[in-house]
file target07.csv (CSV, C-alpha atoms)
chain,number,residue,atom,x,y,z
A,29,LYS,CA,-144.2,0.9,112.6
A,30,GLN,CA,-144.7,2.2,109.1
A,31,GLU,CA,-147.9,4.3,108.8
A,32,VAL,CA,-149.2,5.2,105.3
A,33,THR,CA,-151.6,8.1,104.8
A,34,GLN,CA,-153.5,9.1,101.7
A,35,ILE,CA,-154.9,12.5,101.1
A,36,PRO,CA,-157.6,13.4,100.1
A,37,ALA,CA,-159.7,10.4,101.2
A,38,ALA,CA,-162.2,11.2,98.4
A,39,LEU,CA,-162.5,13.6,95.5
A,40,SER,CA,-164.7,14.2,92.5
A,41,VAL,CA,-163.4,15.8,89.3
A,42,PRO,CA,-164.9,16.6,85.9
A,43,GLU,CA,-163.8,14.5,83.0
A,44,GLY,CA,-160.7,15.8,81.4
A,45,GLU,CA,-159.1,17.2,84.5
A,46,ASN,CA,-155.8,16.0,85.8
A,47,LEU,CA,-155.9,14.0,89.0
A,48,VAL,CA,-153.3,14.4,91.8
A,49,LEU,CA,-153.3,11.8,94.6
A,50,ASN,CA,-151.0,12.0,97.5
A,51,CYS,CA,-149.4,9.4,99.7
A,52,SER,CA,-147.2,9.9,102.7
A,53,PHE,CA,-145.3,7.4,104.8
A,54,THR,CA,-143.6,7.7,108.1
A,55,ASP,CA,-140.4,5.6,107.7
A,56,SER,CA,-138.3,6.4,104.7
A,57,ALA,CA,-136.4,3.0,104.9
A,58,ILE,CA,-138.5,1.4,102.1
A,59,TYR,CA,-137.7,-1.1,99.5
A,60,ASN,CA,-140.3,0.0,97.0
A,61,LEU,CA,-143.7,1.7,96.7
A,62,GLN,CA,-146.7,0.5,94.7
A,63,TRP,CA,-149.9,2.1,93.6
A,64,PHE,CA,-152.9,-0.1,93.2
A,65,ARG,CA,-156.4,0.4,91.8
A,66,GLN,CA,-159.4,-1.1,93.6
A,67,ASP,CA,-162.9,-1.2,92.1
A,68,PRO,CA,-165.8,-1.8,94.4
A,69,GLY,CA,-166.0,-5.4,95.6
A,70,LYS,CA,-163.0,-6.3,93.5
A,71,GLY,CA,-159.4,-7.1,94.0
A,72,LEU,CA,-156.4,-4.9,93.7
A,73,THR,CA,-154.7,-4.2,90.3
A,74,SER,CA,-151.1,-3.1,90.4
A,75,LEU,CA,-150.6,0.2,88.5
A,76,LEU,CA,-147.0,1.2,89.1
A,77,LEU,CA,-144.1,0.1,91.2
A,78,ILE,CA,-141.3,2.4,92.1
A,79,GLN,CA,-138.1,1.1,93.5
A,80,SER,CA,-136.5,3.1,96.4
A,81,SER,CA,-133.7,4.2,94.0
A,82,GLN,CA,-136.1,5.6,91.4
A,83,ARG,CA,-137.8,9.0,91.3
A,84,GLU,CA,-140.7,8.2,89.1
A,85,GLN,CA,-142.5,5.6,86.9
A,86,THR,CA,-144.8,6.2,84.0
A,87,SER,CA,-147.4,4.1,82.3
A,88,GLY,CA,-149.6,5.7,79.7
A,89,ARG,CA,-151.6,8.5,81.4
A,90,LEU,CA,-150.3,7.5,84.8
A,91,ASN,CA,-147.2,8.9,86.4
A,92,ALA,CA,-146.0,8.2,90.0
A,93,SER,CA,-143.2,10.1,91.7
A,94,LEU,CA,-141.3,9.2,94.8
A,95,ASP,CA,-139.5,11.4,97.3
A,96,LYS,CA,-138.2,8.9,99.7
A,97,SER,CA,-136.4,11.3,102.0
A,98,SER,CA,-139.6,13.3,102.7
A,99,GLY,CA,-141.7,10.2,102.7
A,100,ARG,CA,-144.0,11.2,99.9
A,101,SER,CA,-145.4,9.8,96.6
A,102,THR,CA,-147.8,11.4,94.2
A,103,LEU,CA,-149.9,9.6,91.5
A,104,TYR,CA,-150.8,11.8,88.6
A,105,ILE,CA,-153.5,10.7,86.2
A,106,ALA,CA,-153.7,12.9,83.1
A,107,ALA,CA,-156.9,13.8,81.3
A,108,SER,CA,-159.2,11.8,83.6
A,109,GLN,CA,-162.0,9.6,82.2
A,110,PRO,CA,-165.1,8.2,83.9
A,111,GLY,CA,-163.4,4.8,83.7
A,112,ASP,CA,-160.8,6.1,86.1
A,113,SER,CA,-163.4,6.2,88.9
A,114,ALA,CA,-162.1,3.8,91.6
A,115,THR,CA,-160.1,3.7,94.8
A,116,TYR,CA,-156.4,4.2,94.5
A,117,LEU,CA,-154.2,2.6,97.1
A,118,CYS,CA,-150.6,3.3,98.0
A,119,ALA,CA,-148.5,0.6,99.6
A,120,VAL,CA,-144.9,0.6,100.8
A,121,ARG,CA,-142.6,-2.3,101.4
A,122,PRO,CA,-140.3,-1.5,104.2
A,123,TYR,CA,-136.7,-2.7,104.3
A,124,GLY,CA,-136.2,-6.0,106.1
A,125,ASN,CA,-139.6,-7.6,105.6
A,126,ASN,CA,-141.9,-8.8,102.9
A,127,ARG,CA,-145.1,-7.2,103.9
A,128,LEU,CA,-146.8,-4.2,102.3
A,129,ALA,CA,-148.2,-1.4,104.4
A,130,PHE,CA,-151.2,0.1,102.8
A,131,GLY,CA,-152.9,3.5,103.0
A,132,LYS,CA,-156.6,3.8,103.2
A,133,GLY,CA,-157.0,4.9,99.7
A,134,ASN,CA,-158.1,7.9,97.6
A,135,GLN,CA,-161.6,7.3,96.3
A,136,VAL,CA,-162.0,9.0,93.0
A,137,VAL,CA,-165.1,9.8,91.0
A,138,VAL,CA,-164.7,11.3,87.5
A,139,ILE,CA,-167.9,13.0,86.4
A,140,PRO,CA,-168.8,12.8,82.7
B,16,GLU,CA,-152.9,-12.2,81.1
B,17,PRO,CA,-152.3,-14.6,83.9
B,18,GLU,CA,-154.3,-14.0,87.0
B,19,VAL,CA,-154.7,-15.1,90.6
B,20,THR,CA,-157.9,-17.0,91.2
B,21,GLN,CA,-159.8,-17.2,94.4
B,22,THR,CA,-162.7,-19.3,95.5
B,23,PRO,CA,-165.4,-19.0,96.7
B,24,SER,CA,-166.1,-15.3,96.1
B,25,HIS,CA,-168.5,-15.3,99.1
B,26,GLN,CA,-168.5,-17.5,102.2
B,27,VAL,CA,-171.0,-17.3,105.0
B,28,THR,CA,-170.3,-19.3,108.1
B,29,GLN,CA,-171.4,-19.6,111.7
B,30,MET,CA,-169.1,-18.4,114.5
B,31,GLY,CA,-166.9,-21.3,115.7
B,32,GLN,CA,-166.9,-23.1,112.3
B,33,GLU,CA,-163.8,-23.8,110.3
B,34,VAL,CA,-163.4,-22.2,106.8
B,35,ILE,CA,-160.9,-22.8,104.1
B,36,LEU,CA,-160.3,-20.1,101.5
B,37,ARG,CA,-158.7,-21.2,98.3
B,38,CYS,CA,-156.4,-19.6,95.8
B,39,VAL,CA,-154.6,-20.5,92.7
B,40,PRO,CA,-151.6,-18.2,92.3
B,41,ILE,CA,-149.9,-17.4,89.0
B,42,SER,CA,-148.2,-20.5,87.9
B,43,ASN,CA,-144.5,-19.4,87.8
B,44,HIS,CA,-144.7,-17.2,90.9
B,45,LEU,CA,-142.6,-18.1,94.0
B,46,TYR,CA,-144.1,-15.9,96.7
B,47,PHE,CA,-147.6,-16.2,98.0
B,48,TYR,CA,-149.5,-14.0,100.4
B,49,TRP,CA,-152.8,-13.5,102.2
B,50,TYR,CA,-154.1,-10.0,103.0
B,51,ARG,CA,-157.4,-9.0,104.4
B,52,GLN,CA,-159.6,-5.9,104.4
B,53,ILE,CA,-162.2,-5.2,107.0
B,54,LEU,CA,-165.0,-3.0,105.7
B,55,GLY,CA,-163.9,0.6,105.7
B,56,GLN,CA,-160.3,-0.2,106.9
B,57,LYS,CA,-156.9,-0.5,105.4
B,58,VAL,CA,-155.7,-3.7,103.6
B,59,GLU,CA,-153.6,-5.5,106.1
B,60,PHE,CA,-151.0,-8.2,105.8
B,61,LEU,CA,-151.6,-11.6,107.2
B,62,VAL,CA,-148.9,-14.0,106.0
B,63,SER,CA,-146.3,-14.6,103.3
B,64,PHE,CA,-145.2,-18.1,102.1
B,65,TYR,CA,-142.1,-19.1,100.2
B,66,ASN,CA,-140.4,-22.4,99.5
B,67,ASN,CA,-143.2,-24.3,101.2
B,68,GLU,CA,-143.0,-22.5,104.5
B,69,ILE,CA,-144.2,-19.3,106.2
B,70,SER,CA,-141.6,-16.6,105.6
B,71,GLU,CA,-143.4,-13.9,107.6
B,72,LYS,CA,-146.6,-13.4,109.5
B,73,SER,CA,-148.4,-10.6,111.2
B,74,GLU,CA,-149.8,-10.3,114.8
B,75,ILE,CA,-153.2,-11.1,113.4
B,76,PHE,CA,-152.1,-14.5,112.1
B,77,ASP,CA,-152.5,-16.4,115.4
B,78,ASP,CA,-152.9,-20.1,116.0
B,79,GLN,CA,-156.4,-20.0,114.6
B,80,PHE,CA,-154.9,-19.4,111.1
B,81,SER,CA,-152.9,-21.7,109.0
B,82,VAL,CA,-151.8,-21.8,105.3
B,83,GLU,CA,-150.9,-24.7,103.1
B,84,ARG,CA,-149.8,-25.4,99.6
B,85,PRO,CA,-151.2,-28.9,99.2
B,86,ASP,CA,-150.1,-29.3,95.6
B,87,GLY,CA,-148.2,-27.4,92.9
B,88,SER,CA,-151.1,-25.0,92.2
B,89,ASN,CA,-153.3,-24.3,95.2
B,90,PHE,CA,-152.6,-22.1,98.2
B,91,THR,CA,-155.1,-22.2,101.1
B,92,LEU,CA,-155.9,-20.2,104.2
B,93,LYS,CA,-157.7,-22.0,107.0
B,94,ILE,CA,-159.4,-20.4,109.9
B,95,ARG,CA,-160.0,-23.1,112.5
B,96,SER,CA,-162.7,-21.5,114.7
B,97,THR,CA,-164.1,-18.3,113.1
B,98,LYS,CA,-165.0,-15.3,115.2
B,99,LEU,CA,-167.2,-12.4,114.3
B,100,GLU,CA,-164.2,-10.1,113.9
B,101,ASP,CA,-162.8,-12.4,111.2
B,102,SER,CA,-165.5,-11.0,108.8
B,103,ALA,CA,-163.5,-9.3,106.0
B,104,MET,CA,-162.5,-9.5,102.4
B,105,TYR,CA,-159.6,-11.9,102.1
B,106,PHE,CA,-157.2,-11.4,99.3
B,107,CYS,CA,-154.6,-13.8,98.0
B,108,ALA,CA,-151.6,-12.5,96.1
B,109,SER,CA,-148.5,-13.8,94.4
B,110,SER,CA,-145.2,-12.4,93.1
B,111,GLY,CA,-142.4,-13.8,91.0
B,112,GLY,CA,-139.6,-13.1,93.4
B,113,GLN,CA,-136.8,-10.5,93.9
B,114,GLY,CA,-136.2,-7.9,91.3
B,115,ALA,CA,-137.8,-4.8,89.9
B,116,THR,CA,-140.5,-6.5,87.8
B,117,ASN,CA,-140.9,-9.6,89.8
B,118,GLU,CA,-141.8,-7.8,93.0
B,119,LYS,CA,-145.1,-6.5,91.6
B,120,LEU,CA,-147.9,-8.2,93.6
B,121,PHE,CA,-150.8,-9.6,91.7
B,122,PHE,CA,-154.0,-9.9,93.7
B,123,GLY,CA,-157.0,-12.1,93.3
B,124,SER,CA,-160.6,-10.7,93.4
B,125,GLY,CA,-161.0,-11.8,97.0
B,126,THR,CA,-163.3,-13.9,99.2
B,127,GLN,CA,-165.8,-12.0,101.2
B,128,LEU,CA,-166.1,-13.9,104.5
B,129,SER,CA,-169.1,-13.2,106.7
B,130,VAL,CA,-169.2,-14.8,110.2
B,131,LEU,CA,-172.6,-14.8,111.8
call {"tool": "encode", "arguments": {"input": "target07.csv", "output": "structure tokens"}}
result
Amino acid sequence: KQEVTQIPAALSVPEGENLVLNCSFTDSAIYNLQWFRQDPGKGLTSLLLIQSSQREQTSGRLNASLDKSSGRSTLYIAASQPGDSATYLCAVRPYGNNRLAFGKGNQVVVIP
Amino acid sequence: EPEVTQTPSHQVTQMGQEVILRCVPISNHLYFYWYRQILGQKVEFLVSFYNNEISEKSEIFDDQFSVERPDGSNFTLKIRSTKLEDSAMYFCASSGGQGATNEKLFFGSGTQLSVL
């Protein structure tokens, strides 16, 4: 069974610092990996999707890398802003099925 | 931008009652999903639906649960006899289909279900 772990569970950074969020998964046989953002009491917003054949994806200040063989992904957020405060969820889609396996999230607070 | 719409945003029910959670997926999407998140826990998969039938379901999705696409736009989750442990945020999601862009999942804002 695929297990997804996110470290750290929570972190606070001053505005302007770069954020580094880590995700690890136990089974490298994945189809893709997605990073989501979740605001309190709200739904999930897809940030980046990386196919298993890709090494990274970028969107604006966000960059996500994928090392499938070691079962790791990292989400970088450059020059953090208070509006980046949220929980960031990592989810993998294993080969052979259509369900996403989620991590518990990295809860981020960016201090003005 | 198109979005997934869920109603109601909050639902309070008595144990043993039936509830129906409603979703309007993005109009040209082909795959539909229900996930749930119990407070403080991971988001967990319940069921996926494609071509008017269930394509996959988890161990959680037992006989008390059912899904339906009654018309061309709505997608519903029914819980026949709710239990206390069904209290959670229920998320509907949709995706366009296979392929790099189409596999992004778009989630609704969720229905917070409280079973008393």
call {"tool": "residues_around", "arguments": {"input": "target07.csv", "residues": "Glu43 of chain A", "least_positions_apart": "3", "cutoff": "10 Å", "atoms": "all atoms listed in the file", "output": "mmCIF file with C-alpha atoms, in the coordinates of the input"}}
result
data_model
loop_
_atom_site.group_PDB
_atom_site.id
_atom_site.type_symbol
_atom_site.label_atom_id
_atom_site.label_comp_id
_atom_site.auth_asym_id
_atom_site.auth_seq_id
_atom_site.Cartn_x
_atom_site.Cartn_y
_atom_site.Cartn_z
ATOM 1 C CA SER A 40 -164.700 14.200 92.500
ATOM 2 C CA ASN A 46 -155.800 16.000 85.800
ATOM 3 C CA LEU A 47 -155.900 14.000 89.000
ATOM 4 C CA ALA A 107 -156.900 13.800 81.300
ATOM 5 C CA SER A 108 -159.200 11.800 83.600
ATOM 6 C CA GLN A 109 -162.000 9.600 82.200
ATOM 7 C CA PRO A 110 -165.100 8.200 83.900
ATOM 8 C CA GLY A 111 -163.400 4.800 83.700
ATOM 9 C CA ASP A 112 -160.800 6.100 86.100
ATOM 10 C CA VAL A 137 -165.100 9.800 91.000
ATOM 11 C CA VAL A 138 -164.700 11.300 87.500
ATOM 12 C CA ILE A 139 -167.900 13.000 86.400
ATOM 13 C CA PRO A 140 -168.800 12.800 82.700
#
call {"tool": "atom_distance", "arguments": {"input": "target07.csv", "atom1": "atom CA of Pro122 of chain A", "atom2": "atom CA of Gly87 of chain B"}}
result
29.3 Å
call {"tool": "closest_residue", "arguments": {"input": "target07.csv", "among": "B:Lys119, B:Arg51, B:Lys93, B:His25", "to": "chain A", "atoms": "all atoms listed in the file"}}
result
B:Lys119
call {"tool": "closest_atom_pairs", "arguments": {"input": "target07.csv", "of": "chain B", "to": "chain A", "cutoff": "12 Å", "atoms": "only C-alpha atoms", "output": "Markdown table"}}
result
| residue | atom | partner | partner_atom | distance |
| --- | --- | --- | --- | --- |
| B:Glu18 | CA | A:Thr73 | CA | 10.3 |
| B:Val19 | CA | A:Gly71 | CA | 9.9 |
| B:Thr20 | CA | A:Gly71 | CA | 10.4 |
| B:Gln21 | CA | A:Gly71 | CA | 10.1 |
| B:Ser24 | CA | A:Lys70 | CA | 9.9 |
| B:His25 | CA | A:Gly69 | CA | 10.8 |
| B:Tyr46 | CA | A:Asn126 | CA | 9.7 |
| B:Phe47 | CA | A:Asn126 | CA | 10.5 |
| B:Tyr48 | CA | A:Arg127 | CA | 8.8 |
| B:Trp49 | CA | A:Arg127 | CA | 10.1 |
| B:Tyr50 | CA | A:Leu128 | CA | 9.3 |
| B:Arg51 | CA | A:Gly71 | CA | 10.8 |
| B:Gln52 | CA | A:Lys132 | CA | 10.2 |
| B:Ile53 | CA | A:Lys132 | CA | 11.3 |
| B:Leu54 | CA | A:Gly69 | CA | 10.4 |
| B:Gly55 | CA | A:Lys132 | CA | 8.4 |
| B:Gln56 | CA | A:Lys132 | CA | 6.6 |
| B:Lys57 | CA | A:Lys132 | CA | 4.8 |
| B:Val58 | CA | A:Phe130 | CA | 5.9 |
| B:Glu59 | CA | A:Phe130 | CA | 6.9 |
| B:Phe60 | CA | A:Arg127 | CA | 6.3 |
| B:Leu61 | CA | A:Arg127 | CA | 8.5 |
| B:Val62 | CA | A:Arg127 | CA | 8.1 |
| B:Ser63 | CA | A:Asn126 | CA | 7.3 |
| B:Phe64 | CA | A:Asn126 | CA | 9.9 |
| B:Tyr65 | CA | A:Asn126 | CA | 10.6 |
| B:Ile69 | CA | A:Asn126 | CA | 11.2 |
| B:Ser70 | CA | A:Asn126 | CA | 8.3 |
| B:Glu71 | CA | A:Asn126 | CA | 7.1 |
| B:Lys72 | CA | A:Arg127 | CA | 8.5 |
| B:Ser73 | CA | A:Arg127 | CA | 8.7 |
| B:Ala103 | CA | A:Gly69 | CA | 11.4 |
| B:Met104 | CA | A:Gly69 | CA | 8.7 |
| B:Tyr105 | CA | A:Gly71 | CA | 9.4 |
| B:Phe106 | CA | A:Gly71 | CA | 7.2 |
| B:Cys107 | CA | A:Gly71 | CA | 9.2 |
| B:Ala108 | CA | A:Leu72 | CA | 9.3 |
| B:Ser109 | CA | A:Ser74 | CA | 11.7 |
| B:Ser110 | CA | A:Asn126 | CA | 10.9 |
| B:Gly112 | CA | A:Asn126 | CA | 10.7 |
| B:Gln113 | CA | A:Asn126 | CA | 10.5 |
| B:Gly114 | CA | A:Gln79 | CA | 9.5 |
| B:Ala115 | CA | A:Gln79 | CA | 6.9 |
| B:Thr116 | CA | A:Leu77 | CA | 8.3 |
| B:Asn117 | CA | A:Leu77 | CA | 10.3 |
| B:Glu118 | CA | A:Leu77 | CA | 8.4 |
| B:Lys119 | CA | A:Leu77 | CA | 6.7 |
| B:Leu120 | CA | A:Ser74 | CA | 6.8 |
| B:Phe121 | CA | A:Ser74 | CA | 6.6 |
| B:Phe122 | CA | A:Leu72 | CA | 5.5 |
| B:Gly123 | CA | A:Gly71 | CA | 5.6 |
| B:Ser124 | CA | A:Gly71 | CA | 3.8 |
| B:Gly125 | CA | A:Gly71 | CA | 5.8 |
| B:Thr126 | CA | A:Gly71 | CA | 9.4 |
| B:Gln127 | CA | A:Gly69 | CA | 8.7 |
call {"tool": "atom_distance", "arguments": {"input": "target07.csv", "atom1": "atom CA of Gln85 of chain A", "atom2": "atom CA of Phe53 of chain A"}}
result
18.2 Å
call {"tool": "atom_distance", "arguments": {"input": "target07.csv", "atom1": "atom CA of Gln79 of chain B", "atom2": "atom CA of Cys118 of chain A"}}
result
29.2 Å
call {"tool": "decode", "arguments": {"input": "target07.csv", "residues": "segment 43-64 of chain A", "atoms": "N, CA, C and O atoms", "output": "short mmCIF file (atom, residue, chain, number, x, y, z; two decimals), in the first residue's frame"}}
result
data_model
loop_
_atom_site.label_atom_id
_atom_site.label_comp_id
_atom_site.auth_asym_id
_atom_site.auth_seq_id
_atom_site.Cartn_x
_atom_site.Cartn_y
_atom_site.Cartn_z
N GLU A 43 8.41 36.54 5.83
CA GLU A 43 8.13 36.92 4.45
C GLU A 43 9.43 37.13 3.68
O GLU A 43 10.39 37.72 4.19
N GLY A 44 9.46 36.64 2.46
CA GLY A 44 10.64 36.82 1.61
C GLY A 44 11.56 35.61 1.56
O GLY A 44 12.33 35.45 0.62
N GLU A 45 11.44 34.76 2.59
CA GLU A 45 12.28 33.56 2.58
C GLU A 45 11.73 32.54 1.59
O GLU A 45 10.54 32.52 1.31
N ASN A 46 12.63 31.68 1.11
CA ASN A 46 12.19 30.58 0.25
C ASN A 46 11.68 29.43 1.10
O ASN A 46 12.22 29.13 2.16
N LEU A 47 10.64 28.78 0.60
CA LEU A 47 10.04 27.64 1.30
C LEU A 47 10.46 26.34 0.62
O LEU A 47 10.49 26.28 -0.61
N VAL A 48 10.77 25.34 1.42
CA VAL A 48 11.09 24.02 0.89
C VAL A 48 10.23 22.99 1.62
O VAL A 48 10.36 22.81 2.84
N LEU A 49 9.34 22.34 0.87
CA LEU A 49 8.42 21.37 1.46
C LEU A 49 8.73 20.00 0.87
O LEU A 49 8.88 19.86 -0.35
N ASN A 50 8.80 19.01 1.73
CA ASN A 50 9.22 17.67 1.31
C ASN A 50 8.10 16.65 1.36
O ASN A 50 7.26 16.68 2.27
N CYS A 51 8.11 15.76 0.39
CA CYS A 51 7.12 14.69 0.29
C CYS A 51 7.87 13.41 -0.05
O CYS A 51 8.74 13.42 -0.93
N SER A 52 7.55 12.33 0.65
CA SER A 52 8.15 11.04 0.29
C SER A 52 7.04 10.01 0.16
O SER A 52 5.99 10.11 0.81
N PHE A 53 7.28 9.03 -0.71
CA PHE A 53 6.29 7.97 -0.92
C PHE A 53 7.01 6.64 -0.99
O PHE A 53 8.18 6.55 -1.38
N THR A 54 6.31 5.59 -0.59
CA THR A 54 6.97 4.30 -0.37
C THR A 54 7.09 3.45 -1.63
O THR A 54 8.01 2.65 -1.72
N ASP A 55 6.19 3.63 -2.58
CA ASP A 55 6.20 2.80 -3.78
C ASP A 55 6.48 3.69 -4.98
O ASP A 55 5.72 4.61 -5.28
N SER A 56 7.59 3.43 -5.67
CA SER A 56 8.00 4.31 -6.77
C SER A 56 7.22 4.05 -8.06
O SER A 56 7.38 4.78 -9.04
N ALA A 57 6.35 3.06 -8.07
CA ALA A 57 5.54 2.78 -9.26
C ALA A 57 4.34 3.72 -9.30
O ALA A 57 3.22 3.35 -8.95
N ILE A 58 4.63 4.95 -9.72
CA ILE A 58 3.57 5.95 -9.75
C ILE A 58 3.35 6.45 -11.16
O ILE A 58 4.26 6.41 -12.00
N TYR A 59 2.16 6.92 -11.39
CA TYR A 59 1.79 7.49 -12.68
C TYR A 59 2.09 8.98 -12.70
O TYR A 59 2.60 9.51 -13.68
N ASN A 60 1.73 9.65 -11.62
CA ASN A 60 2.07 11.07 -11.50
C ASN A 60 2.00 11.50 -10.05
O ASN A 60 1.60 10.72 -9.17
N LEU A 61 2.42 12.71 -9.79
CA LEU A 61 2.39 13.30 -8.45
C LEU A 61 1.85 14.70 -8.57
O LEU A 61 2.21 15.44 -9.49
N GLN A 62 0.97 15.07 -7.66
CA GLN A 62 0.39 16.41 -7.67
C GLN A 62 0.63 17.09 -6.34
O GLN A 62 0.59 16.46 -5.28
N TRP A 63 0.84 18.38 -6.41
CA TRP A 63 0.86 19.24 -5.23
C TRP A 63 -0.41 20.09 -5.24
O TRP A 63 -0.78 20.67 -6.27
N PHE A 64 -1.05 20.13 -4.06
CA PHE A 64 -2.27 20.91 -3.89
C PHE A 64 -2.06 21.92 -2.77
O PHE A 64 -1.25 21.73 -1.86
#
